[in-house]
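Text of the file model21.txt, holding compact mmCIF, C-alpha atoms:
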```
# COMPACT_ATOMS: atom_id res chain seq x y z
CA MET A 1 9.19 4.84 23.23
CA SER A 2 5.40 4.84 23.15
CA PRO A 3 3.66 1.46 23.46
CA ILE A 4 2.37 0.10 20.15
CA ASP A 5 -1.40 -0.21 19.88
CA ARG A 6 -2.05 -2.40 16.83
CA ILE A 7 -5.79 -2.76 17.49
CA ALA A 8 -7.08 0.84 17.68
CA PRO A 9 -6.20 1.70 14.04
CA THR A 10 -8.28 -1.28 12.85
CA GLN A 11 -11.43 0.30 14.31
CA ARG A 12 -13.61 2.55 12.18
CA PRO A 13 -13.33 6.27 12.95
CA ALA A 14 -16.51 8.05 13.98
CA GLY A 15 -18.45 10.12 11.48
CA ASN A 16 -18.77 10.15 7.73
CA ASN A 17 -16.05 8.94 5.43
CA ASP A 18 -14.61 11.14 2.69
CA GLY A 19 -14.96 8.49 0.01
CA THR A 20 -15.13 4.80 -0.82
CA GLN A 21 -13.04 2.42 -2.93
CA GLN A 22 -12.83 -1.26 -3.79
CA TRP A 23 -9.39 -2.89 -3.76
CA ARG A 24 -9.38 -6.09 -5.81
CA SER A 25 -6.96 -8.91 -6.72
CA LEU A 26 -4.09 -7.74 -4.55
CA LEU A 27 -0.66 -9.35 -4.70
CA PHE A 28 1.61 -8.70 -1.70
CA CYS A 29 5.30 -9.34 -2.36
CA HIS A 30 7.44 -8.88 0.76
CA TRP A 31 11.20 -8.87 1.15
CA GLN A 32 13.13 -8.69 4.39
CA ILE A 33 15.42 -5.68 4.33
CA PRO A 34 18.09 -4.32 6.69
CA ILE A 35 16.87 -1.36 8.72
CA ASP A 36 20.02 0.54 7.69
CA ASP A 37 18.88 0.39 4.05
CA LEU A 38 15.48 1.86 4.96
CA ARG A 39 16.43 4.51 7.48
CA PRO A 40 17.86 7.12 5.05
CA LEU A 41 14.73 6.89 2.87
CA VAL A 42 12.10 7.32 5.61
CA PRO A 43 11.38 10.65 7.35
CA LYS A 44 13.34 10.90 10.59
CA ARG A 45 10.19 11.48 12.65
CA LEU A 46 8.85 8.07 11.62
CA GLU A 47 10.25 4.97 13.30
CA ILE A 48 10.85 1.81 11.26
CA ASP A 49 8.33 -0.82 12.40
CA THR A 50 9.66 -4.37 12.69
CA PHE A 51 8.43 -7.89 13.45
CA ASP A 52 10.84 -9.88 15.63
CA GLY A 53 13.45 -7.26 14.79
CA GLN A 54 12.99 -7.68 11.03
CA ALA A 55 11.95 -4.87 8.67
CA TYR A 56 10.07 -5.45 5.42
CA VAL A 57 9.54 -3.71 2.11
CA ALA A 58 6.57 -4.58 -0.10
CA LEU A 59 5.55 -4.40 -3.75
CA VAL A 60 1.74 -4.45 -4.09
CA PRO A 61 -0.01 -4.42 -7.49
CA PHE A 62 -3.82 -4.50 -7.55
CA GLU A 63 -7.01 -3.14 -9.09
CA MET A 64 -8.70 0.00 -7.76
CA ARG A 65 -12.44 -0.14 -8.45
CA THR A 66 -15.42 2.20 -7.96
CA ILE A 67 -13.28 5.08 -6.71
CA ARG A 68 -15.33 8.08 -5.66
CA PRO A 69 -15.48 10.84 -3.08
CA ARG A 70 -18.57 10.73 -0.87
CA TRP A 71 -20.36 13.47 -2.83
CA LEU A 72 -19.88 11.82 -6.25
CA PRO A 73 -22.68 9.58 -7.61
CA ARG A 74 -21.67 5.94 -7.88
CA TRP A 75 -22.24 5.90 -11.64
CA LEU A 76 -19.45 8.48 -12.03
CA ALA A 77 -16.92 6.41 -10.05
CA PHE A 78 -13.79 5.33 -11.91
CA ASN A 79 -11.39 2.39 -12.01
CA PHE A 80 -7.66 1.98 -12.53
CA TYR A 81 -4.66 -0.21 -11.71
CA GLU A 82 -2.15 0.64 -9.01
CA THR A 83 1.20 -0.65 -7.77
CA ASN A 84 2.74 0.67 -4.58
CA VAL A 85 6.13 0.24 -2.94
CA ARG A 86 5.93 0.56 0.82
CA THR A 87 7.38 -0.21 4.20
CA TYR A 88 5.98 -0.22 7.75
CA VAL A 89 6.47 2.58 10.22
CA LEU A 90 5.40 3.94 13.60
CA HIS A 91 4.46 7.45 14.62
CA ASN A 92 3.97 8.01 18.35
CA GLY A 93 3.25 4.31 18.78
CA ARG A 94 0.71 4.18 15.95
CA PRO A 95 1.55 1.62 13.25
CA GLY A 96 1.06 2.46 9.61
CA VAL A 97 2.43 2.45 6.10
CA TYR A 98 4.99 4.69 4.44
CA PHE A 99 4.87 4.78 0.65
CA PHE A 100 8.04 5.21 -1.39
CA SER A 101 6.00 5.34 -4.61
CA LEU A 102 2.56 4.65 -6.01
CA ASP A 103 2.05 4.05 -9.73
CA ALA A 104 -1.47 4.40 -11.13
CA SER A 105 -3.00 4.08 -14.59
CA SER A 106 -5.20 7.16 -14.10
CA ARG A 107 -3.81 10.65 -14.63
CA LEU A 108 -6.73 12.09 -12.67
CA ALA A 109 -6.00 9.82 -9.70
CA VAL A 110 -2.31 10.77 -9.80
CA TRP A 111 -3.15 14.48 -9.84
CA ALA A 112 -5.78 14.19 -7.08
CA ALA A 113 -3.56 12.11 -4.77
CA ARG A 114 -0.63 14.45 -5.20
CA GLN A 115 -2.79 17.53 -4.59
CA GLY A 116 -4.98 16.16 -1.81
CA TRP A 117 -2.69 13.73 -0.03
CA SER A 118 0.84 14.81 -1.06
CA LEU A 119 1.53 11.20 -1.94
CA PRO A 120 4.32 10.23 -4.39
CA TYR A 121 2.05 9.06 -7.21
CA HIS A 122 3.29 8.50 -10.77
CA TYR A 123 1.35 7.88 -13.93
CA ALA A 124 2.00 4.46 -15.50
CA SER A 125 0.54 2.38 -18.29
CA MET A 126 -0.70 -0.75 -16.50
CA SER A 127 -2.63 -3.90 -17.29
CA GLY A 128 -3.69 -7.14 -15.66
CA ASN A 129 -5.18 -10.43 -16.77
CA ILE A 130 -5.74 -14.09 -15.87
CA ILE A 131 -4.85 -16.92 -18.29
CA ASP A 132 -5.19 -20.57 -17.25
CA GLU A 133 -5.29 -19.58 -13.55
CA GLN A 134 -2.09 -17.55 -13.89
CA HIS A 135 -2.52 -13.91 -12.87
CA SER A 136 -0.30 -11.19 -14.30
CA TYR A 137 0.29 -7.48 -13.82
CA SER A 138 2.48 -5.27 -15.96
CA SER A 139 3.37 -1.62 -15.63
CA GLN A 140 5.52 1.02 -17.30
CA ARG A 141 5.92 4.40 -15.65
CA SER A 142 5.91 7.45 -17.90
CA PRO A 143 8.12 9.16 -18.87
CA ASP A 144 10.82 7.33 -16.87
CA ARG A 145 10.17 3.84 -18.33
CA VAL A 146 10.34 2.14 -14.94
CA ASP A 147 8.93 -1.32 -15.63
CA MET A 148 7.26 -4.08 -13.64
CA LEU A 149 5.98 -7.51 -14.72
CA VAL A 150 4.76 -10.21 -12.36
CA LYS A 151 3.08 -13.54 -13.04
CA PHE A 152 1.71 -15.64 -10.20
CA ARG A 153 -0.76 -18.30 -9.11
CA THR A 154 -2.87 -18.41 -5.98
CA GLY A 155 -2.47 -21.25 -3.52
CA THR A 156 -3.80 -22.39 -0.17
CA ALA A 157 -5.44 -20.13 2.37
CA GLY A 158 -3.04 -18.25 4.59
CA GLU A 159 -2.99 -18.02 8.33
CA ARG A 160 -5.60 -15.90 10.06
CA SER A 161 -4.37 -12.38 10.88
CA ARG A 162 -4.51 -12.77 14.64
CA PRO A 163 -2.93 -10.02 16.78
CA GLY A 164 0.74 -10.76 17.36
CA SER A 165 1.16 -12.76 14.15
CA LEU A 166 3.31 -11.82 11.15
CA GLU A 167 0.14 -11.76 9.03
CA HIS A 168 -1.42 -9.17 11.32
CA PHE A 169 1.78 -7.10 11.17
CA LEU A 170 1.88 -7.14 7.37
CA PHE A 171 -1.79 -6.86 6.40
CA GLU A 172 -3.70 -5.09 9.18
CA ARG A 173 -2.51 -1.61 8.22
CA TYR A 174 -5.08 1.16 8.26
CA LEU A 175 -2.93 4.28 8.65
CA LEU A 176 -0.58 5.97 6.21
CA PHE A 177 1.98 8.62 7.07
CA VAL A 178 3.43 11.23 4.74
CA GLU A 179 5.76 14.17 5.31
CA HIS A 180 4.75 17.39 3.57
CA GLN A 181 6.19 20.87 4.08
CA ARG A 182 8.07 19.65 7.17
CA GLN A 183 4.88 18.30 8.78
CA ILE A 184 3.76 14.71 9.36
CA PHE A 185 0.26 13.92 8.10
CA GLU A 186 -1.83 10.82 8.84
CA GLY A 187 -4.52 9.28 6.66
CA GLN A 188 -6.82 6.45 7.66
CA VAL A 189 -8.86 3.83 5.85
CA HIS A 190 -11.24 1.21 7.16
CA HIS A 191 -12.19 -2.22 5.80
CA GLN A 192 -12.80 -5.76 6.93
CA PRO A 193 -9.66 -7.88 7.46
CA TYR A 194 -8.19 -9.29 4.28
CA GLU A 195 -8.92 -12.85 3.22
CA VAL A 196 -5.38 -13.93 2.34
CA PHE A 197 -3.99 -16.84 0.31
CA HIS A 198 -0.44 -17.90 -0.35
CA ALA A 199 0.81 -17.02 -3.83
CA GLU A 200 3.40 -18.70 -6.02
CA ILE A 201 5.46 -16.30 -8.12
CA ASP A 202 6.17 -17.68 -11.60
CA GLU A 203 7.99 -14.62 -12.93
CA LEU A 204 8.96 -11.22 -11.57
CA HIS A 205 10.84 -8.37 -13.21
CA GLU A 206 10.64 -5.04 -11.46
CA GLN A 207 12.51 -1.74 -11.34
CA LEU A 208 10.27 0.09 -8.88
CA LEU A 209 12.25 -0.65 -5.72
CA ALA A 210 15.50 0.58 -7.21
CA ALA A 211 13.73 3.65 -8.59
CA ALA A 212 12.67 4.45 -5.03
CA GLY A 213 16.28 4.26 -3.84
CA LEU A 214 15.94 0.81 -2.28
CA PRO A 215 18.36 -2.05 -2.94
CA ALA A 216 17.15 -3.99 -5.99
CA PRO A 217 16.11 -7.49 -4.84
CA ARG A 218 18.13 -10.25 -6.47
CA ARG A 219 15.68 -12.94 -5.43
CA LEU A 220 12.00 -13.70 -5.53
CA PRO A 221 9.97 -12.30 -2.60
CA ASP A 222 10.53 -13.88 0.79
CA LEU A 223 6.75 -13.89 1.21
CA ALA A 224 4.00 -13.72 -1.42
CA HIS A 225 0.27 -13.52 -0.70
CA TYR A 226 -2.90 -12.89 -2.67
CA SER A 227 -6.21 -11.39 -1.57
CA PRO A 228 -9.45 -11.18 -3.58
CA GLY A 229 -9.94 -7.76 -2.04
CA VAL A 230 -11.84 -5.53 0.36
CA ASP A 231 -14.34 -2.64 0.27
CA VAL A 232 -12.71 0.45 1.71
CA GLU A 233 -13.78 3.67 3.41
CA VAL A 234 -11.31 6.56 3.15
CA PHE A 235 -11.10 9.30 5.78
CA ARG A 236 -9.62 12.78 5.62
CA ILE A 237 -5.88 13.20 6.00
CA ARG A 238 -4.80 15.38 8.93
CA ALA A 239 -1.66 16.89 10.39
CA VAL A 240 -0.47 14.93 13.44
CA GLU A 241 2.82 16.68 14.06
CA SER A 242 3.52 20.38 13.77
CA ARG A 243 5.93 21.87 11.27
CA VAL A 244 9.59 21.85 12.28
CA PRO A 245 11.86 24.83 11.53
```

What does the file become when written as structure tokens?
Amino acid sequence: MSPIDRIAPTQRPAGNNDGTQQWRSLLFCHWQIPIDDLRPLVPKRLEIDTFDGQAYVALVPFEMRTIRPRWLPRWLAFNFYETNVRTYVLHNGRPGVYFFSLDASSRLAVWAARQGWSLPYHYASMSGNIIDEQHSYSSQRSPDRVDMLVKFRTGTAGERSRPGSLEHFLFERYLLFVEHQRQIFEGQVHHQPYEVFHAEIDELHEQLLAAAGLPAPRRLPDLAHYSPGVDVEVFRIRAVESRVP
């Protein structure tokens, strides 16, 4: 097994980015999950990444703002809501994210991500608001009617994401891996470390995990965190493992 370098992916790649984004008002809901429940759903050439032997699955709703490729003028950038379902993986000792699904409220974003990144995006009607310090996100995937509603409040500041900590394991993720046409591809983003706060979940109804083939949680998240957001550079996806027969 290759040694795990959790610092190198946090460093900005050389050269120009392919685009920029702003991720805002992120809610991270994490559940511990048996590795045996994850393994059949993750490509065999990706290893399940764990912290102290424990695997995690996450539900992450947030706002995507000022989305644009590098060549597009800022005034033409667009905004939408997104919710992703993900777990944490390794490829040749490099830690990253594997997405089971990504729901977005922009048909253009869904088309572009499927065409350009081969990511499992779905169009969904989504909304978010804040009333009396309570945040909420709601989503309904079309045409499958896979629903999600979460209401939460932000709390005290979380622990700093120092290397070796659970926070660093969960939040300092700058690589994504996807399998397409029997090849493994890697994408990279860069941003400053998240400012993270604890979150208190007031209400959660979701069908996205079960829709992805995961066991439906019958409890509130084991961990819930909120981040105001980060400004993100996006770099070109590339093949990192050749096609298998």

* Asked: Do you have the atom CA of Asn17 of chain A-atom CA of Gln192 of chain A distance handy?
  -> 15.1 Å

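What separates atom CA of Leu119 of chain A from atom CA of Asp36 of chain A is a distance of 23.4 Å.
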
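From atom CA of Glu133 of chain A back to atom CA of Glu206 of chain A, the distance works out to 21.7 Å.
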
* **Within 10 Å of Val42 of chain A using all atoms listed in the file, minus same-chain residues under 6 positions, as a ChimeraX atom specification** => /A:48,87-89,98-100,178-179

* Asked: For the point (-4.2, 6.8, -13.1) in file coordinates, what residues are within 10 Å, counting all atoms listed in the file? Give the answer as a PyMOL selection string?
  -> chain A and resi 64+78-82+103-113+121-126

Create the file for the chosen residues now, containing C-alpha atoms and written as a PDB file, in the frame of the given file.
```
ATOM      1  CA  MET A  64      -8.700   0.000  -7.760  1.00  0.00           C
ATOM      2  CA  PHE A  78     -13.790   5.330 -11.910  1.00  0.00           C
ATOM      3  CA  ASN A  79     -11.390   2.390 -12.010  1.00  0.00           C
ATOM      4  CA  PHE A  80      -7.660   1.980 -12.530  1.00  0.00           C
ATOM      5  CA  TYR A  81      -4.660  -0.210 -11.710  1.00  0.00           C
ATOM      6  CA  GLU A  82      -2.150   0.640  -9.010  1.00  0.00           C
ATOM      7  CA  ASP A 103       2.050   4.050  -9.730  1.00  0.00           C
ATOM      8  CA  ALA A 104      -1.470   4.400 -11.130  1.00  0.00           C
ATOM      9  CA  SER A 105      -3.000   4.080 -14.590  1.00  0.00           C
ATOM     10  CA  SER A 106      -5.200   7.160 -14.100  1.00  0.00           C
ATOM     11  CA  ARG A 107      -3.810  10.650 -14.630  1.00  0.00           C
ATOM     12  CA  LEU A 108      -6.730  12.090 -12.670  1.00  0.00           C
ATOM     13  CA  ALA A 109      -6.000   9.820  -9.700  1.00  0.00           C
ATOM     14  CA  VAL A 110      -2.310  10.770  -9.800  1.00  0.00           C
ATOM     15  CA  TRP A 111      -3.150  14.480  -9.840  1.00  0.00           C
ATOM     16  CA  ALA A 112      -5.780  14.190  -7.080  1.00  0.00           C
ATOM     17  CA  ALA A 113      -3.560  12.110  -4.770  1.00  0.00           C
ATOM     18  CA  TYR A 121       2.050   9.060  -7.210  1.00  0.00           C
ATOM     19  CA  HIS A 122       3.290   8.500 -10.770  1.00  0.00           C
ATOM     20  CA  TYR A 123       1.350   7.880 -13.930  1.00  0.00           C
ATOM     21  CA  ALA A 124       2.000   4.460 -15.500  1.00  0.00           C
ATOM     22  CA  SER A 125       0.540   2.380 -18.290  1.00  0.00           C
ATOM     23  CA  MET A 126      -0.700  -0.750 -16.500  1.00  0.00           C
TER      24      MET A 126
END
```

* **Among the residues A:Leu223, A:Leu90, A:Val57, A:Ile237, the one that comes closest to Pro3 of chain A [using all atoms listed in the file]** => A:Leu90

* Shell around Gly155 of chain A at 9 Å using only C-alpha atoms, local window under 5 positions removed, as a list in words ->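 Near Gly155 of chain A, the qualifying residues are Phe197, His198, Ala199, Glu200, His225 and Tyr226 of chain A.
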
* **Test item: residues at most 12 Å from Arg74 of chain A, all atoms listed in the file, excluding those fewer than 6 positions along its chain, as a list in words** =>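 Returned residues: Gly19, Thr20, Gln21, Arg65, Thr66, Ile67 and Arg68 of chain A.
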
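Among A:Leu208, A:Asn16, A:His30, A:Ile7, the residue with the shortest atom-to-atom distance to Asp144 of chain A, counting only C-alpha atoms, is A:Leu208.
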
* Do you know which residues are at most 12 Å from Glu47 of chain A counting only C-alpha atoms, after dropping those on the same chain fewer than 2 positions away, and could you put them as a VMD selection string? -> chain A and resid 1 to 2 4 35 38 to 45 49 to 50 55 87 to 98 177
